[in-house]
Structure formats: structure tokens, C-alpha cells
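Below: work_20.cif (mmCIF, C-alpha atoms)
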```cif
data_start
#
loop_
_atom_site.label_atom_id
_atom_site.label_comp_id
_atom_site.auth_asym_id
_atom_site.auth_seq_id
_atom_site.Cartn_x
_atom_site.Cartn_y
_atom_site.Cartn_z
CA MET A 184 0.00 0.00 0.00
CA THR A 185 1.27 3.46 -0.89
CA ALA A 186 0.12 5.51 2.08
CA ALA A 187 -0.05 9.29 2.26
CA SER A 188 0.20 9.16 6.04
CA SER A 189 0.35 6.62 8.84
CA GLU A 190 -2.55 8.01 10.87
CA PRO A 191 -4.63 5.22 12.45
CA ARG A 192 -8.00 4.61 10.82
CA THR A 193 -10.61 2.77 12.82
CA ALA A 194 -13.79 1.24 11.40
CA ARG A 195 -16.74 2.58 13.39
CA VAL A 196 -20.42 3.47 13.18
CA LEU A 197 -20.74 7.24 12.95
CA THR A 198 -22.26 9.30 15.72
CA GLY A 199 -25.99 9.73 15.20
CA TYR A 200 -26.41 6.21 13.87
CA ARG A 201 -26.11 4.39 17.19
CA PRO A 202 -28.66 3.49 19.85
CA GLU A 203 -26.77 5.52 22.44
CA ASP A 204 -27.26 8.57 20.18
CA GLY A 205 -30.97 7.88 19.87
CA PHE A 206 -30.44 7.39 16.11
CA MET A 207 -30.77 11.16 15.83
CA ALA A 208 -29.30 11.17 12.28
CA VAL A 209 -31.57 8.38 11.02
CA GLU A 210 -34.85 9.00 9.23
CA LEU A 211 -36.21 5.92 7.48
CA ASN A 212 -39.34 6.12 5.35
CA PRO A 213 -40.18 2.69 3.90
CA PRO A 214 -43.25 2.43 1.66
CA PRO A 215 -46.55 1.27 3.15
CA ALA A 216 -47.30 -2.43 2.72
CA GLU A 217 -50.05 -1.80 0.17
CA TYR A 218 -47.43 -0.43 -2.24
CA VAL A 219 -45.17 -3.48 -1.98
CA TRP A 220 -46.40 -6.51 -3.90
CA HIS A 221 -45.65 -8.91 -6.75
CA ASP A 222 -48.24 -10.29 -9.17
CA GLU A 223 -46.52 -12.86 -11.36
CA HIS A 224 -49.67 -13.37 -13.40
CA ALA A 225 -50.04 -9.76 -14.48
CA GLU A 226 -49.93 -9.33 -18.24
CA GLN A 227 -48.17 -5.98 -18.23
CA GLN A 228 -44.64 -5.68 -16.84
CA GLU A 229 -45.46 -2.45 -15.00
CA GLN A 230 -48.34 -4.26 -13.21
CA ARG A 231 -46.24 -7.08 -11.81
CA TYR A 232 -44.59 -5.07 -9.04
CA GLY A 233 -45.95 -2.43 -6.75
CA PRO A 234 -44.31 1.03 -6.81
CA GLY A 235 -42.72 0.40 -3.42
CA VAL A 236 -40.48 -2.47 -4.47
CA GLY A 237 -37.91 -0.04 -5.84
CA TYR A 238 -37.23 1.21 -2.32
CA HIS A 239 -33.66 0.72 -1.11
CA GLN A 240 -31.90 0.92 2.19
CA TRP A 241 -28.14 1.21 2.14
CA LEU A 242 -24.94 1.03 4.13
CA ALA A 243 -22.31 3.68 3.38
CA VAL A 244 -18.60 3.09 3.94
CA ASP A 245 -15.93 5.79 3.93
CA ALA A 246 -12.86 3.99 2.63
CA ARG A 247 -10.61 6.81 3.84
CA ASP A 248 -11.20 6.44 7.57
CA GLY A 249 -13.61 3.56 8.16
CA GLY A 250 -16.78 5.50 8.92
CA VAL A 251 -20.01 3.48 8.44
CA TRP A 252 -23.58 4.78 8.41
CA PHE A 253 -26.91 3.90 6.81
CA GLY A 254 -30.10 5.34 5.35
CA ASP A 255 -32.66 4.91 2.60
CA ILE A 256 -34.01 6.48 -0.58
CA ASP A 257 -37.38 7.99 -1.44
CA TRP A 258 -39.40 5.04 -2.76
CA ARG A 259 -41.51 7.42 -4.86
CA ALA A 260 -38.53 8.81 -6.78
CA SER A 261 -37.67 7.48 -10.23
CA ARG A 262 -34.80 5.05 -10.74
CA GLU A 263 -32.97 7.78 -12.64
CA ASP A 264 -32.78 9.78 -9.40
CA LEU A 265 -31.22 6.94 -7.39
CA ASP A 266 -27.61 8.17 -7.63
CA SER A 267 -28.52 11.64 -6.38
CA GLN A 268 -30.04 10.13 -3.22
CA LEU A 269 -26.98 8.08 -2.29
CA PRO A 270 -23.92 9.40 -0.41
CA GLY A 271 -21.64 7.62 -2.87
CA PRO A 272 -21.65 5.22 -5.82
CA PRO A 273 -22.34 1.50 -5.43
CA ARG A 274 -19.19 -0.62 -5.47
CA ARG A 275 -20.22 -2.36 -8.68
CA ALA A 276 -20.30 0.98 -10.51
CA LEU A 277 -16.63 1.72 -9.77
CA GLY A 278 -14.63 -1.03 -11.46
CA ASP A 279 -11.30 -2.04 -9.96
CA GLY A 280 -9.24 1.12 -10.40
CA THR A 281 -9.36 4.47 -8.67
CA ILE A 282 -11.98 5.18 -6.02
CA PRO A 283 -13.22 8.71 -6.71
CA ALA A 284 -13.04 11.31 -3.97
CA PRO A 285 -14.24 11.56 -1.28
CA GLY A 286 -13.95 7.76 -1.14
CA VAL A 287 -17.50 6.96 0.03
CA MET A 288 -19.22 3.86 -1.39
CA VAL A 289 -22.57 2.28 -0.68
CA GLN A 290 -23.86 -1.25 -0.40
CA LEU A 291 -27.49 -1.39 -1.51
CA LEU A 292 -29.41 -3.83 0.65
CA GLY A 293 -31.73 -6.42 -0.84
CA HIS A 294 -35.20 -6.69 0.63
CA LEU A 295 -36.78 -9.50 -1.40
CA SER A 296 -36.91 -13.09 -0.25
CA HIS A 297 -38.85 -16.06 -1.61
CA ASP A 298 -39.95 -19.47 -0.45
CA GLU A 299 -42.55 -21.94 -1.64
CA ARG A 300 -44.87 -21.38 1.31
CA ARG A 301 -44.91 -17.60 1.48
CA GLY A 302 -43.88 -16.71 -2.06
CA CYS A 303 -42.21 -13.33 -2.54
CA SER A 304 -41.92 -11.09 0.49
CA TRP A 305 -40.11 -7.89 1.30
CA ARG A 306 -38.33 -7.15 4.53
CA PHE A 307 -37.38 -3.57 5.37
CA PHE A 308 -35.01 -3.07 8.27
CA THR A 309 -35.37 -0.91 11.34
CA ALA A 310 -32.67 1.46 12.54
CA GLU A 311 -31.75 -1.08 15.22
CA GLU A 312 -31.38 -3.86 12.62
CA LEU A 313 -29.30 -1.64 10.34
CA HIS A 314 -27.08 -0.69 13.26
CA ALA A 315 -26.56 -4.34 14.11
CA LEU A 316 -25.64 -5.01 10.48
CA ALA A 317 -23.20 -2.09 10.48
CA LEU A 318 -21.49 -3.58 13.53
CA ARG A 319 -21.24 -6.96 11.79
CA ILE A 320 -19.35 -5.55 8.83
CA LEU A 321 -16.87 -3.45 10.84
CA PRO A 322 -14.08 -6.11 10.70
CA ALA A 323 -14.34 -6.22 6.89
CA VAL A 324 -14.42 -2.41 6.75
CA GLN A 325 -11.28 -2.31 8.89
CA ARG A 326 -9.59 -4.70 6.50
CA LEU A 327 -10.68 -2.48 3.61
CA VAL A 328 -9.27 0.76 5.01
CA ASP A 329 -6.06 -0.99 6.10
CA SER A 330 -5.39 -2.46 2.65
CA VAL A 331 -6.71 0.07 0.13
CA HIS A 332 -3.93 1.86 -1.77
CA ARG A 333 -3.35 5.51 -0.84
CA ILE A 334 -1.41 7.42 -3.48
CA GLY A 335 0.50 10.67 -3.26
CA PRO A 336 0.31 13.47 -0.69
CA GLU A 337 -3.47 13.70 -1.05
CA GLY A 338 -3.94 10.01 -0.31
CA GLU A 339 -5.98 9.26 -3.44
CA LEU A 340 -7.61 5.84 -3.14
CA GLU A 341 -7.15 2.87 -5.44
CA TRP A 342 -8.46 -0.66 -5.03
CA SER A 343 -6.09 -3.37 -3.92
CA ALA A 344 -6.73 -7.09 -4.26
CA GLU A 345 -7.14 -7.30 -0.47
CA ALA A 346 -9.54 -4.35 -0.33
CA ALA A 347 -11.67 -5.70 -3.16
CA THR A 348 -11.91 -9.05 -1.36
CA ALA A 349 -12.85 -7.27 1.86
CA TRP A 350 -15.71 -5.60 0.03
CA ASP A 351 -16.88 -8.99 -1.21
CA ASP A 352 -17.08 -10.00 2.44
CA ILE A 353 -19.12 -6.86 3.17
CA GLU A 354 -21.56 -7.80 0.41
CA GLN A 355 -21.82 -11.34 1.73
CA ALA A 356 -22.43 -10.17 5.29
CA ALA A 357 -25.15 -7.79 4.11
CA THR A 358 -27.21 -10.44 2.28
CA HIS A 359 -30.06 -11.50 4.57
CA THR A 360 -32.33 -14.52 4.60
CA GLU A 361 -35.44 -15.28 6.62
CA ALA A 362 -36.18 -18.38 8.66
CA PRO A 363 -39.56 -20.10 8.10
CA SER A 364 -40.65 -18.34 11.27
CA GLY A 365 -39.93 -14.99 9.63
CA GLU A 366 -36.86 -14.40 11.81
CA LEU A 367 -34.23 -12.20 10.18
CA MET A 368 -30.99 -14.10 9.59
CA TRP A 369 -27.60 -12.73 8.54
CA PRO A 370 -24.70 -14.93 7.32
CA THR A 371 -21.71 -15.41 9.56
CA PRO A 372 -19.14 -12.72 8.71
CA ARG A 373 -16.12 -14.14 6.93
CA THR A 374 -12.54 -13.11 6.20
CA THR A 375 -11.81 -14.47 2.75
CA PRO A 376 -8.20 -14.63 1.51
CA ALA A 377 -7.61 -12.70 -1.69
CA PRO A 378 -8.01 -15.25 -4.51
CA ALA A 379 -5.14 -16.05 -6.84
CA TRP A 380 -6.91 -14.46 -9.81
CA ARG A 381 -6.69 -11.08 -8.08
CA VAL A 382 -3.13 -9.90 -8.72
CA GLU A 383 -1.36 -6.83 -7.41
CA VAL A 384 0.44 -4.90 -10.16
CA GLY A 385 3.34 -4.43 -7.74
CA THR A 386 3.67 -8.21 -7.53
CA PHE A 387 3.53 -8.45 -11.32
CA LEU A 388 6.37 -5.89 -11.60
CA SER A 389 8.52 -7.73 -9.08
CA MET A 390 8.02 -10.95 -11.04
CA ASN A 391 8.82 -9.30 -14.38
CA PRO A 392 11.54 -6.72 -13.69
CA GLU A 393 12.83 -6.94 -17.25
CA LEU A 394 9.55 -5.44 -18.48
CA CYS A 395 9.80 -2.37 -16.25
CA ASP A 396 10.68 0.98 -17.82
CA PRO A 397 13.50 2.78 -15.93
CA SER A 398 12.00 6.11 -17.03
CA TRP A 399 9.25 5.58 -14.41
CA GLY A 400 11.83 6.52 -11.80
CA LEU A 401 11.83 10.17 -12.96
CA ALA A 402 8.32 10.39 -14.43
CA THR A 403 5.79 12.99 -13.31
CA ASP A 404 2.53 12.10 -11.61
CA ALA A 405 0.67 12.88 -14.85
CA GLU A 406 2.97 10.59 -16.86
CA LEU A 407 2.54 7.72 -14.40
CA ASP A 408 -1.23 8.22 -14.31
CA ALA A 409 -1.41 8.20 -18.12
CA TYR A 410 0.64 5.00 -18.25
CA ALA A 411 -1.61 3.34 -15.67
CA ASP A 412 -4.73 4.40 -17.59
CA TYR A 413 -3.87 2.41 -20.71
CA ARG A 414 -7.10 1.02 -22.20
CA PRO A 415 -6.78 -1.19 -25.28
CA GLU A 416 -9.75 -2.30 -27.34
CA SER A 417 -9.09 -5.89 -26.31
CA GLY A 418 -6.89 -7.70 -23.83
CA TYR A 419 -5.53 -6.42 -20.54
CA GLY A 420 -5.19 -2.71 -19.88
CA GLY A 421 -3.36 -0.77 -17.22
CA VAL A 422 0.31 -1.27 -16.46
CA PRO A 423 0.62 -5.03 -17.23
CA GLY A 424 -1.25 -4.64 -20.52
CA ARG A 425 0.89 -1.75 -21.68
CA MET A 426 4.13 -3.42 -20.58
CA CYS A 427 3.29 -6.61 -22.45
CA ARG A 428 2.15 -4.79 -25.55
CA ALA A 429 5.46 -2.90 -25.70
CA THR A 430 7.36 -6.21 -25.58
CA ASP A 431 4.87 -8.14 -27.75
CA GLN A 432 3.99 -10.55 -24.95
CA GLU A 433 0.63 -11.83 -23.71
CA ILE A 434 -0.86 -12.50 -20.30
CA GLU A 435 -2.90 -15.61 -19.65
CA ASP A 436 -6.61 -14.82 -19.36
CA GLY A 437 -8.51 -14.98 -16.09
CA PHE A 438 -6.71 -12.43 -13.93
CA THR A 439 -7.80 -9.06 -12.57
CA PHE A 440 -5.04 -6.57 -11.73
CA TYR A 441 -5.15 -4.09 -8.87
CA GLY A 442 -3.02 -1.13 -7.82
CA HIS A 443 -1.79 0.16 -11.19
CA ARG A 444 -1.03 3.71 -10.05
CA ALA A 445 0.15 2.55 -6.65
CA ALA A 446 2.69 0.19 -8.23
CA LEU A 447 4.13 2.91 -10.47
CA TYR A 448 4.34 5.41 -7.61
CA ALA A 449 6.02 2.78 -5.45
CA TYR A 450 8.52 2.02 -8.24
CA ARG A 451 9.36 5.72 -8.49
CA ALA A 452 9.64 6.08 -4.72
CA GLU A 453 12.13 3.19 -4.61
CA ALA A 454 14.12 4.72 -7.47
CA CYS A 455 14.22 8.09 -5.67
CA GLY A 456 15.38 6.56 -2.41
CA ASP A 457 15.07 8.98 0.48
CA ARG A 458 14.50 11.97 -1.81
CA THR A 459 11.04 13.37 -2.52
CA PRO A 460 9.79 13.29 -6.15
CA THR A 461 9.01 16.87 -7.19
CA ASP A 462 7.70 18.16 -10.50
CA ALA A 463 10.55 19.93 -12.32
CA ARG A 464 8.38 22.73 -13.70
CA VAL A 465 6.91 23.54 -10.30
CA TRP A 466 10.31 23.55 -8.60
CA LEU A 467 12.09 25.63 -11.24
CA GLU A 468 9.29 28.15 -11.70
CA THR A 469 7.78 28.58 -8.26
CA THR A 470 10.47 27.95 -5.62
CA GLU A 471 13.19 30.37 -4.63
CA VAL A 472 15.90 27.71 -4.84
CA GLY A 473 14.65 26.54 -8.22
CA ARG A 474 14.48 30.03 -9.70
CA GLY A 475 17.97 30.73 -8.34
CA ALA A 476 19.33 27.58 -9.97
CA TRP A 477 17.74 28.63 -13.25
CA GLU A 478 19.23 32.13 -13.17
CA ALA A 479 22.67 30.80 -12.27
CA ALA A 480 22.64 28.28 -15.10
CA LYS A 481 21.14 30.48 -17.81
CA PRO A 482 23.34 30.30 -20.96
CA LEU A 483 25.32 33.52 -21.39
CA GLY A 484 24.45 35.41 -24.54
CA ALA A 485 22.06 32.73 -25.73
CA THR A 486 18.61 31.33 -25.16
CA LEU A 487 17.62 27.69 -24.85
CA ALA A 488 16.73 27.79 -28.52
CA ASP A 489 20.43 28.02 -29.36
CA VAL A 490 21.76 25.24 -27.13
CA SER A 491 22.54 21.72 -28.32
CA ASP A 492 21.24 18.48 -26.83
CA CYS A 493 24.43 17.94 -24.85
CA VAL A 494 24.28 21.44 -23.35
CA LEU A 495 20.60 20.90 -22.51
CA ALA A 496 21.48 17.61 -20.81
CA ALA A 497 24.22 19.36 -18.82
CA LEU A 498 21.74 22.01 -17.68
CA ALA A 499 19.28 19.32 -16.61
CA GLU A 500 21.99 17.53 -14.64
CA ARG A 501 22.88 20.80 -12.93
CA PHE A 502 19.28 21.39 -11.92
CA GLN A 503 18.93 17.80 -10.69
CA ASN A 504 22.05 18.15 -8.54
CA ALA A 505 20.71 21.38 -7.05
CA ALA A 506 17.44 19.63 -6.23
CA HIS A 507 19.30 16.70 -4.67
CA GLU A 508 20.91 19.12 -2.22
CA GLU A 509 17.38 20.02 -1.12
CA GLY A 510 16.44 16.36 -0.66
CA LEU A 511 14.39 16.28 -3.86
CA VAL A 512 14.34 14.45 -7.18
CA LEU A 513 13.01 16.41 -10.16
CA THR A 514 10.48 14.44 -12.18
CA GLY A 515 9.77 15.15 -15.82
CA LEU A 516 12.93 17.27 -16.06
CA HIS A 517 14.09 15.95 -19.43
CA ALA A 518 10.71 16.50 -21.06
CA TYR A 519 10.36 19.92 -19.41
CA MET A 520 13.73 21.14 -20.71
CA HIS A 521 13.07 19.87 -24.22
CA ARG A 522 9.61 21.42 -24.17
CA LEU A 523 11.04 24.82 -23.15
CA ARG A 524 13.59 24.67 -25.95
CA ALA A 525 10.93 23.60 -28.43
CA GLU A 526 8.75 26.54 -27.37
CA GLU A 527 11.63 28.99 -27.80
CA ARG A 528 12.52 27.51 -31.18
CA SER A 529 8.88 27.70 -32.20
CA ALA A 530 8.97 31.41 -31.29
CA VAL A 531 12.06 31.84 -33.51
CA ASP A 532 10.23 30.03 -36.32
CA GLN A 533 7.36 32.47 -35.95
CA GLN A 534 9.80 35.37 -35.97
CA LEU A 535 11.22 34.09 -39.26
CA VAL A 536 7.71 33.88 -40.72
CA CYS A 537 7.07 37.53 -39.76
CA GLU A 538 10.40 38.66 -41.16
CA ALA A 539 9.81 36.79 -44.41
CA GLU A 540 6.40 38.41 -44.77
CA GLU A 541 7.92 41.85 -44.21
CA VAL A 542 10.72 41.19 -46.69
CA GLU A 543 8.17 40.08 -49.27
CA ARG A 544 6.13 43.22 -48.65
CA LEU A 545 9.18 45.47 -48.97
CA GLU A 546 10.44 43.64 -52.06
CA ASN A 547 7.07 44.12 -53.75
CA MET A 548 7.16 47.79 -52.80
CA LEU A 549 10.75 48.09 -54.08
CA LYS A 550 9.72 46.44 -57.34
CA ASP A 551 7.05 49.12 -57.85
CA PHE A 552 9.46 51.97 -57.04
CA ARG A 553 12.15 50.50 -59.30
CA ALA A 554 9.68 50.29 -62.19
CA ALA A 555 8.64 53.89 -61.58
CA ARG A 556 12.30 55.03 -61.48
CA ASN A 557 13.03 53.18 -64.68
CA ARG A 558 10.19 54.93 -66.43
CA THR A 559 11.46 58.30 -65.19
CA VAL A 560 15.04 57.59 -66.33
CA THR A 561 13.72 56.53 -69.74
CA ARG A 562 11.74 59.72 -69.98
CA ILE A 563 14.70 61.92 -69.15
CA LEU A 564 16.98 60.07 -71.58
CA ALA A 565 14.40 60.58 -74.29
CA TRP A 566 14.73 64.35 -73.89
CA SER A 567 18.31 64.26 -75.23
CA ASP A 568 18.84 67.60 -73.48
CA GLY A 569 22.60 67.28 -73.40
CA ARG A 570 23.00 66.01 -69.86
CA SER A 571 25.64 63.37 -69.35
CA ASP A 572 25.00 59.87 -68.23
CA GLY A 573 26.81 60.64 -64.95
CA GLU A 574 24.44 63.51 -64.11
CA ILE A 575 21.34 61.39 -64.70
CA ALA A 576 22.89 58.45 -62.79
CA ARG A 577 23.45 60.65 -59.75
CA LEU A 578 19.81 61.75 -59.79
CA ALA A 579 18.66 58.12 -60.01
CA SER A 580 21.22 56.80 -57.47
CA MET A 581 22.47 54.39 -60.11
CA PRO A 582 25.92 53.53 -61.46
CA ASP A 583 26.96 55.62 -64.50
CA ALA A 584 27.41 52.43 -66.56
CA HIS A 585 23.77 51.49 -66.06
CA VAL A 586 22.58 54.78 -67.52
CA SER A 587 25.07 54.47 -70.42
CA ASP A 588 23.84 50.98 -71.22
CA TRP A 589 20.28 52.20 -70.99
CA ARG A 590 20.95 55.10 -73.42
CA ALA A 591 22.59 52.67 -75.83
CA ARG A 592 19.58 50.34 -75.79
CA LEU A 593 17.18 53.22 -76.35
CA THR A 594 19.28 54.44 -79.29
CA ASP A 595 19.30 50.97 -80.84
CA GLU A 596 15.54 50.65 -80.38
CA GLN A 597 14.97 54.05 -82.03
CA MET A 598 17.18 53.15 -84.99
CA THR A 599 15.41 49.82 -85.42
CA ALA A 600 12.03 51.50 -85.29
CA THR A 601 13.02 54.19 -87.93
CA PRO A 602 12.22 52.91 -91.50
CA ALA A 603 14.97 53.06 -94.14
CA PRO A 604 14.56 55.93 -96.73
#
```

Write out the structure in this file as C-alpha cells.
Amino acid sequence: MTAASSEPRTARVLTGYRPEDGFMAVELNPPPAEYVWHDEHAEQQEQRYGPGVGYHQWLAVDARDGGVWFGDIDWRASREDLDSQLPGPPRRALGDGTIPAPGVMVQLLGHLSHDERRGCSWRFFTAEELHALALRILPAVQRLVDSVHRIGPEGELEWSAEAATAWDDIEQAATHTEAPSGELMWPTPRTTPAPAWRVEVGTFLSMNPELCDPSWGLATDAELDAYADYRPESGYGGVPGRMCRATDQEIEDGFTFYGHRAALYAYRAEACGDRTPTDARVWLETTEVGRGAWEAAKPLGATLADVSDCVLAALAERFQNAAHEEGLVLTGLHAYMHRLRAEERSAVDQQLVCEAEEVERLENMLKDFRAARNRTVTRILAWSDGRSDGEIARLASMPDAHVSDWRARLTDEQMTATPAP
């Protein structure tokens, strides 16, 4: 388990849901008996069950700290409104990955039982019965909160094989039966070992070290999360699926993997040793030590756009060493440095585009002025007013030879155009 803290977490029934509190937080409103019935001979589906059979009571479990409480839903509300009436999602709606914040899940309680003598019957529980049930599941809840993965400083929750098995035991303990006498009966609580088909990703990594990617040791949280979230169209996803796809290997069917993110974070923690993984961008841009390291290492007379790969690698090593002195390991540093250089080079590319557009504009303008000047020079030469080529060249800011050549061409053109006598 990757724990954010080592604070003790004790499974318990919350205040307000206990007899000694007078059940002051409990308000149960089961449907009247006349709304709860089953007519198996009814022709229409909507006539087979009374409107009250959609009523649910529930147990809620806070996987963060072990709090347990209970309640019910409005039996008159539509099924579409069920989620909005629950303090958290049902376990079956979550899958086997991350448990969304705030980490509260519910176990919907079944109320229907059936036997040959009495047929279908519904049993709704009192606050005292729900409290007794909550007490029965506390050992399994304790096992859940002790074994669920807690990731990062915020303690984000992720299922483990042990925690998922503990929840199975909660479901089993919360499935009632009735004796022929009508007495409410609950199964004996159990502590089931995690089955072999439930595999921890951390165990998979330790058994296949050659498939591990050393880059995980310096990856950012976002990079590890993206790797763990691999979802192929077929076959296994998550960390094992992605590892095996990269090496063109297959995993035997029949397993369910748990703790994808936790395994990657644990791998990185082991690679970092006693140093704390810290995002390179955050450290370099927001901390005094990081900004100081950046200013001290800034290339003289150049930007990152102008440095080579080897210089960039040397800068990254310098930043990493500075972070090590602070007891940190910079994650995502290589990608961050290359991204900064790419951004600066992209800005230079854009500068070139702007300069090229301006040159094109000026060249077009120059072309128009040059044509106008040429027409003016031609006009003056046509006057044949006795001015020398040098005088006209100075007015036009042209070499004398250009004007002389021009005069010669004009003379030839005039002679060609004049018919012979």
C-alpha cells in the first residue's frame, strides 16, 4: 500500500447512527405495505410489481477512515434519481481502479426473499437492525481501510486485491435470509483470503523486472497516471497490458489486476530513495531555490533555442544536482527542458515567418518603385537635353554604366524603329 500518512483509521459506526445517540441522524421512510407486492400473473410488466419495491436501504462506507452509516431512498422517486439520493456510488459501478473522492461507497441492501410457502416477500429493516448489520461488517471495513492503496500526498484511493476481497465480504455479510418463522438471519461474517486471480500490479512488476521501464523513476505524476490508464480495445489494460504490448507478450486470461497507479508510484519512490519526487516545472518556476538555480545556469548570450542536446542535458543535470541538495528528485525534467527549448525555437520560427512576410512586402514595394524610377530615367533620356550619363545616374542613385547601357539600348531601339529611306 502506498500511504499518504500513517494516521490510524478505525472502522466505526458514525455518531448519530447508534442506539446511544438515539439514532438522531436516522430518518427511514419505507413504503406502506399496500405499495409493496408482486403479481406474477399480471400481463403488463409495470403491473407485476408495486411502486414500493424499488425502495432501497443502504450502508455507506468511507474507505478513507472507516466511517459506516446507513439510510434509505425515497421510494416514490424514479430510478434515474437513485444516484442523487446516495452518499456515494455503489461498489459495482466503480470497477477495480481508482476510487473517486471523497472515497464513500454504498452497499445497496436487498429486501426481497422467496420461499414456496410464502412466495415473494419484502423485509425492510429498522434502525436497530441496520445498526446491528453495520457492527457486523466493521471487521471487513477495517480490512478495507487498512489495505486500500493511498497514493500521493493527497492520499488518493485505489483498489487493492485485499480491499476488493474485503468488500466482497461486506456484500456477503449484508445479504439476509429469513427463517420459516420470519426471523431475520444474517450470514456469519467471513474473512476471505484474496483469490489467486486477483493480482497486485506491484507483484507483477517484481516478477517481471525486465519489463519495467527505468524512465518511471523520474516520471511525473501525470505521466505515471497516463501509463496506468492504458485502455486497449481488447486484452488487458493498465500497467501489465501496456508493458506486455510494448514487448509483444501476452498474459494468460482470467486475472484481474489491482493497484496500477500505486505500483508505479512505489517504483518511483524506490528509485528516488530517500529523496522526494518533485515536478521539475513547479520547482524551477515557483520555488526560490529553483528560480535561483535557473538564473545561475542560464546560458550567457544565448537562449535555450540556441543550445545543443548535450548542453541541454548538462543544464538538466545541474538542476537535478541542485534539487538533490534540497532532498528532492526532479520528475519530468528531461521533457520539461526539451519542451522549453521547443517553445523557444517555435517562437524563432514564428519570428522568421514575420520577417519573411515583411521582406516580401518590402520587395514588392521596391519592385514598384524600381519600375517607376526606370520609367522616369527613360523619360529623361528621351529628352536628349545634353546632360551626361553621370548627371542622370546621380539623380537616379544608379551607377553611370547602367545609364550608359540604358541610353545605348534606347538608341538601338529608335534606330530599329526608324524605316529606311

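Using all atoms listed in the file, the shortest contact distance between A:Ala505 and any of A:Arg262, A:Val490, A:Ala480, A:Trp589 is found at A:Ala480.
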
Residues returned when the PyMOL selection byres ((chain A and resi 318) around 12) runs on this file, as a short mmCIF file (atom, residue, chain, number, x, y, z; two decimals) with C-alpha atoms, in the coordinates of the input:
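Once written, out-v3.cif looks like this:
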```
data_model
loop_
_atom_site.label_atom_id
_atom_site.label_comp_id
_atom_site.auth_asym_id
_atom_site.auth_seq_id
_atom_site.Cartn_x
_atom_site.Cartn_y
_atom_site.Cartn_z
CA ALA A 194 -13.79 1.24 11.40
CA ARG A 195 -16.74 2.58 13.39
CA VAL A 196 -20.42 3.47 13.18
CA LEU A 197 -20.74 7.24 12.95
CA TYR A 200 -26.41 6.21 13.87
CA ARG A 201 -26.11 4.39 17.19
CA PRO A 202 -28.66 3.49 19.85
CA LEU A 242 -24.94 1.03 4.13
CA GLY A 249 -13.61 3.56 8.16
CA GLY A 250 -16.78 5.50 8.92
CA VAL A 251 -20.01 3.48 8.44
CA TRP A 252 -23.58 4.78 8.41
CA PHE A 253 -26.91 3.90 6.81
CA GLU A 311 -31.75 -1.08 15.22
CA GLU A 312 -31.38 -3.86 12.62
CA LEU A 313 -29.30 -1.64 10.34
CA HIS A 314 -27.08 -0.69 13.26
CA ALA A 315 -26.56 -4.34 14.11
CA LEU A 316 -25.64 -5.01 10.48
CA ALA A 317 -23.20 -2.09 10.48
CA ARG A 319 -21.24 -6.96 11.79
CA ILE A 320 -19.35 -5.55 8.83
CA LEU A 321 -16.87 -3.45 10.84
CA PRO A 322 -14.08 -6.11 10.70
CA ALA A 323 -14.34 -6.22 6.89
CA VAL A 324 -14.42 -2.41 6.75
CA GLN A 325 -11.28 -2.31 8.89
CA ILE A 353 -19.12 -6.86 3.17
CA ALA A 356 -22.43 -10.17 5.29
CA ALA A 357 -25.15 -7.79 4.11
CA PRO A 372 -19.14 -12.72 8.71
#
```

Counting all atoms listed in the file, which residues sit no farther than 8 Å from the position (8.8, 16.9, -12.3) in the file's frame? I'd like them as a list in words.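 Protein, DNA and RNA residues close to (8.8, 16.9, -12.3): Leu401, Ala402, Thr403, Asp404, Pro460, Thr461, Asp462, Ala463, Arg464, Val465, Trp466, Val512, Leu513, Thr514, Gly515, Leu516 and Tyr519 of chain A.
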
Quick one, how far is atom CA of A:Val287 from atom CA of A:Ala347? 14.3 Å

Would you list the contacts of A:Arg524 as number ranges by chain, taking every protein, DNA or RNA residue within 6 Å and counting all atoms listed in the file, but skipping same-chain residues closer than 2 positions in sequence? A: 487-488, 521-522, 526-527

To test your reading of the syntax: which residues would the PyMOL selection byres ((chain A and resi 216) around 10) return for the file shown? Reply as an NGL selection string. :A and (213-215 or 217-220 or 233 or 235-236 or 305)

Tell me, as a VMD selection string, which residues lie within 8 Å of stretch 423-432 of chain A, counting all atoms listed in the file; anything in the same chain fewer than 2 positions away does not count. chain A and resid 384 387 394 to 395 410 413 418 to 421 434

Report, in Å to a single decimal, how far apart atom CA of A:Thr309 and atom CA of A:Thr348 are.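 That distance, rounded to one decimal, is 27.9 Å.
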
Atom CA of A:Glu543 to atom CA of A:Ala579, straight-line distance in Å: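 Computing it gives 23.5 Å between the two atoms.
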
For A:Ser580, which residue out of A:Ala565, A:Val560, A:Val422, A:Met368 is the nearest one, using only C-alpha atoms?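 Among A:Ala565, A:Val560, A:Val422, A:Met368, it is A:Val560 that comes nearest to A:Ser580.
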
Within 12 Å of (-14.2, 0.5, -9.9), only C-alpha atoms: residues as number ranges by chain? A: 272-283, 286, 288, 340-343, 346-347, 350, 439-442

File dump, residues just selected, C-alpha atoms, as an mmCIF file, in the coordinates of the input:
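Listing of part-v1.cif after writing:
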```cif
data_model
loop_
_atom_site.group_PDB
_atom_site.id
_atom_site.type_symbol
_atom_site.label_atom_id
_atom_site.label_comp_id
_atom_site.auth_asym_id
_atom_site.auth_seq_id
_atom_site.Cartn_x
_atom_site.Cartn_y
_atom_site.Cartn_z
ATOM 1 C CA PRO A 272 -21.650 5.220 -5.820
ATOM 2 C CA PRO A 273 -22.340 1.500 -5.430
ATOM 3 C CA ARG A 274 -19.190 -0.620 -5.470
ATOM 4 C CA ARG A 275 -20.220 -2.360 -8.680
ATOM 5 C CA ALA A 276 -20.300 0.980 -10.510
ATOM 6 C CA LEU A 277 -16.630 1.720 -9.770
ATOM 7 C CA GLY A 278 -14.630 -1.030 -11.460
ATOM 8 C CA ASP A 279 -11.300 -2.040 -9.960
ATOM 9 C CA GLY A 280 -9.240 1.120 -10.400
ATOM 10 C CA THR A 281 -9.360 4.470 -8.670
ATOM 11 C CA ILE A 282 -11.980 5.180 -6.020
ATOM 12 C CA PRO A 283 -13.220 8.710 -6.710
ATOM 13 C CA GLY A 286 -13.950 7.760 -1.140
ATOM 14 C CA MET A 288 -19.220 3.860 -1.390
ATOM 15 C CA LEU A 340 -7.610 5.840 -3.140
ATOM 16 C CA GLU A 341 -7.150 2.870 -5.440
ATOM 17 C CA TRP A 342 -8.460 -0.660 -5.030
ATOM 18 C CA SER A 343 -6.090 -3.370 -3.920
ATOM 19 C CA ALA A 346 -9.540 -4.350 -0.330
ATOM 20 C CA ALA A 347 -11.670 -5.700 -3.160
ATOM 21 C CA TRP A 350 -15.710 -5.600 0.030
ATOM 22 C CA THR A 439 -7.800 -9.060 -12.570
ATOM 23 C CA PHE A 440 -5.040 -6.570 -11.730
ATOM 24 C CA TYR A 441 -5.150 -4.090 -8.870
ATOM 25 C CA GLY A 442 -3.020 -1.130 -7.820
#
```
